[in-house]
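Trainee: Before we start, here is the structure in question, set down as structure tokens.
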Amino acid sequence: MSETRPAALAGIDTDLGVLVAGLADNKYFLGRRYAEWCTSAPTLESAVAAAAMAQDEIGHARSLYPLLREIAGDSPEYEAETRTHFTNVSFLSHEFGGWPDFIATNLLFDSALSVVFEAARDASFRELAQRARRILEEEPLHWLHAEGWVRRLSVRSAPVRAALGRAVAGIAPETLQWLDIAAPGLVSDGVLSAGPDELRASLVARVNPVLEGAGLPPL
Amino acid sequence: MWEVYARRKFEEPLSHVGTVAADEPDLAQVYARTIFNEFTWVEMVLYPRVSALSVLDT
């Protein structure tokens, strides 16, 4: 992100605006990346699951953009279809290189988003809290998918496990850093119940047992 | 292979809706939920086909 915020983003130049934009944009791009595997996942069943998860993520994004408009005002910049300045993490800007990238993102980044929504579930900002609760109802299935596939890939062969390890290591630093989106002001205002360090600790506590169980290095 | 059963109303019996292929129960659950999502089920269960006891085999 550049130091000088583009004029198109001026309306979201608040911690709350940056949070909602970050959640919406990352959900949107996560859905797009998942969708690319609807026809090329390793099995027919996993292709259907990828399609369903893509539909969930894009639906979550669609529920968040109107919130962004409430915060920042009506503008084509706050519609997914016409938006030009997305604030997603860099690894969602390009296609996954392979199925291990899909699973690593499903495990780490999908969970990082969920950790933030959990912190927003009882937010003072009711519109965000309502959406967070609804979104979190659908995420357990995504977690089961990630957990199951990490186990499956880890026992397939040493090269496959190593590829998964590389995929996880490739996105872990930016995923952990992205949790800085929970700015101190959001916690003091009651929008989020936890700051970046607590969110990172929650993510690590959730993900590390899966990684260690698969014989992969923890975060 | 997992056999999937579901029902749309509590007063109805579980009906066989299909099968999913998965190595483990977690993935079987995900696949069953995402593949057989054409109705708003009130209950869905699955069990591994290998646990079935053959009663009649012609």
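Convention: chains lettered A, B, ... in structure tokens order; per-chain residue numbering from 1; ligands numbered from 1 as shown.
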Pick out the chain A residues within 7 Å of chain B. Count only C-alpha atoms. Give them as a VMD selection string.

Mentor: chain A and resid 45 to 46 48 to 49 52 141 144 to 145 148

Trainee: Show which residues sit within 12 Å of stretch 64-73 of chain A, as a PyMOL selection string. Count only C-alpha atoms, and ignore same-chain residues fewer than 6 positions away.

Mentor: chain A and resi 8-28+57-58+79-83+86+117+125-132+134-135

Trainee: Could you pull out the strand (DSSP E) residues of chain B from DSSP and send them as a ChimeraX atom specification?

Mentor: /B:2-7,15-20,43-48

Trainee: For the selection you just gave me, I'd like the residues written to a file as a short mmCIF file (atom, residue, chain, number, x, y, z; two decimals), in the first residue's frame, keeping N, CA and C atoms.

Mentor:
```
data_model
loop_
_atom_site.label_atom_id
_atom_site.label_comp_id
_atom_site.auth_asym_id
_atom_site.auth_seq_id
_atom_site.Cartn_x
_atom_site.Cartn_y
_atom_site.Cartn_z
N TRP B 2 -18.67 -43.23 1.28
CA TRP B 2 -19.57 -42.93 2.40
C TRP B 2 -21.01 -42.85 1.88
N GLU B 3 -21.90 -43.45 2.59
CA GLU B 3 -23.32 -43.38 2.24
C GLU B 3 -23.93 -42.21 3.00
N VAL B 4 -24.69 -41.39 2.28
CA VAL B 4 -25.24 -40.17 2.88
C VAL B 4 -26.77 -40.27 2.97
N TYR B 5 -27.29 -39.99 4.13
CA TYR B 5 -28.74 -40.00 4.37
C TYR B 5 -29.16 -38.64 4.91
N ALA B 6 -30.36 -38.22 4.55
CA ALA B 6 -30.83 -36.91 5.03
C ALA B 6 -32.35 -36.89 5.07
N ARG B 7 -32.88 -35.93 5.80
CA ARG B 7 -34.33 -35.71 5.80
C ARG B 7 -34.62 -34.22 5.87
N SER B 15 -33.59 -40.55 4.35
CA SER B 15 -33.58 -41.20 3.03
C SER B 15 -32.17 -41.16 2.47
N HIS B 16 -31.86 -42.18 1.71
CA HIS B 16 -30.55 -42.22 1.06
C HIS B 16 -30.50 -41.16 -0.03
N VAL B 17 -29.51 -40.25 0.04
CA VAL B 17 -29.43 -39.20 -0.98
C VAL B 17 -28.23 -39.39 -1.91
N GLY B 18 -27.28 -40.26 -1.53
CA GLY B 18 -26.17 -40.51 -2.43
C GLY B 18 -24.93 -40.98 -1.69
N THR B 19 -23.81 -40.90 -2.39
CA THR B 19 -22.54 -41.32 -1.80
C THR B 19 -21.49 -40.25 -2.06
N VAL B 20 -20.46 -40.22 -1.22
CA VAL B 20 -19.29 -39.37 -1.49
C VAL B 20 -18.03 -40.20 -1.27
N GLU B 43 -31.64 -32.78 8.98
CA GLU B 43 -30.66 -33.73 9.49
C GLU B 43 -29.95 -34.40 8.32
N MET B 44 -28.67 -34.61 8.47
CA MET B 44 -27.89 -35.36 7.48
C MET B 44 -26.90 -36.23 8.23
N VAL B 45 -26.80 -37.49 7.86
CA VAL B 45 -25.81 -38.38 8.50
C VAL B 45 -25.09 -39.13 7.40
N LEU B 46 -23.93 -39.62 7.73
CA LEU B 46 -23.23 -40.47 6.76
C LEU B 46 -22.50 -41.57 7.51
N TYR B 47 -22.25 -42.65 6.81
CA TYR B 47 -21.45 -43.72 7.42
C TYR B 47 -20.62 -44.40 6.34
N PRO B 48 -19.49 -44.96 6.74
CA PRO B 48 -18.63 -45.58 5.74
C PRO B 48 -19.25 -46.87 5.22
#
```

Trainee: Would you work out the distance separating atom CA of A:Ser124 from atom CA of A:Val204, expressed in Å to one decimal?

Mentor: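 Separation of atom CA of A:Ser124 and atom CA of A:Val204: 26.0 Å.
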
Trainee: Can you work out which one of B:Phe36, B:Arg49, B:Trp41, B:Val55 has the shortest atom-to-atom distance to B:Arg8, counting only C-alpha atoms?

Mentor: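 So, comparing all the options, the nearest one is B:Trp41.
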
Trainee: May I have all residues of chain B that DSSP, computed from the backbone, assigns to helix (DSSP H, G or I), given as number ranges by chain?

Mentor: B: 25-35, 49-51

Trainee: With C-alpha atoms retained, write the just-selected residues as a PDB file, in the first residue's frame.

Mentor:
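Everything below was put into part_20.pdb:
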```
ATOM      1  CA  PRO B  25     -14.739 -38.286   7.976  1.00  0.00           C
ATOM      2  CA  ASP B  26     -13.960 -34.545   7.985  1.00  0.00           C
ATOM      3  CA  LEU B  27     -13.740 -34.371   4.218  1.00  0.00           C
ATOM      4  CA  ALA B  28     -16.722 -36.708   3.852  1.00  0.00           C
ATOM      5  CA  GLN B  29     -18.788 -34.224   5.895  1.00  0.00           C
ATOM      6  CA  VAL B  30     -17.667 -31.296   3.758  1.00  0.00           C
ATOM      7  CA  TYR B  31     -18.401 -33.147   0.538  1.00  0.00           C
ATOM      8  CA  ALA B  32     -21.805 -34.361   1.709  1.00  0.00           C
ATOM      9  CA  ARG B  33     -22.820 -30.856   2.789  1.00  0.00           C
ATOM     10  CA  THR B  34     -21.652 -29.209  -0.417  1.00  0.00           C
ATOM     11  CA  ILE B  35     -22.808 -31.838  -2.913  1.00  0.00           C
ATOM     12  CA  ARG B  49     -19.836 -48.201   3.317  1.00  0.00           C
ATOM     13  CA  VAL B  50     -17.316 -50.702   4.718  1.00  0.00           C
ATOM     14  CA  SER B  51     -19.238 -50.730   7.997  1.00  0.00           C
TER      15      SER B  51
END
```
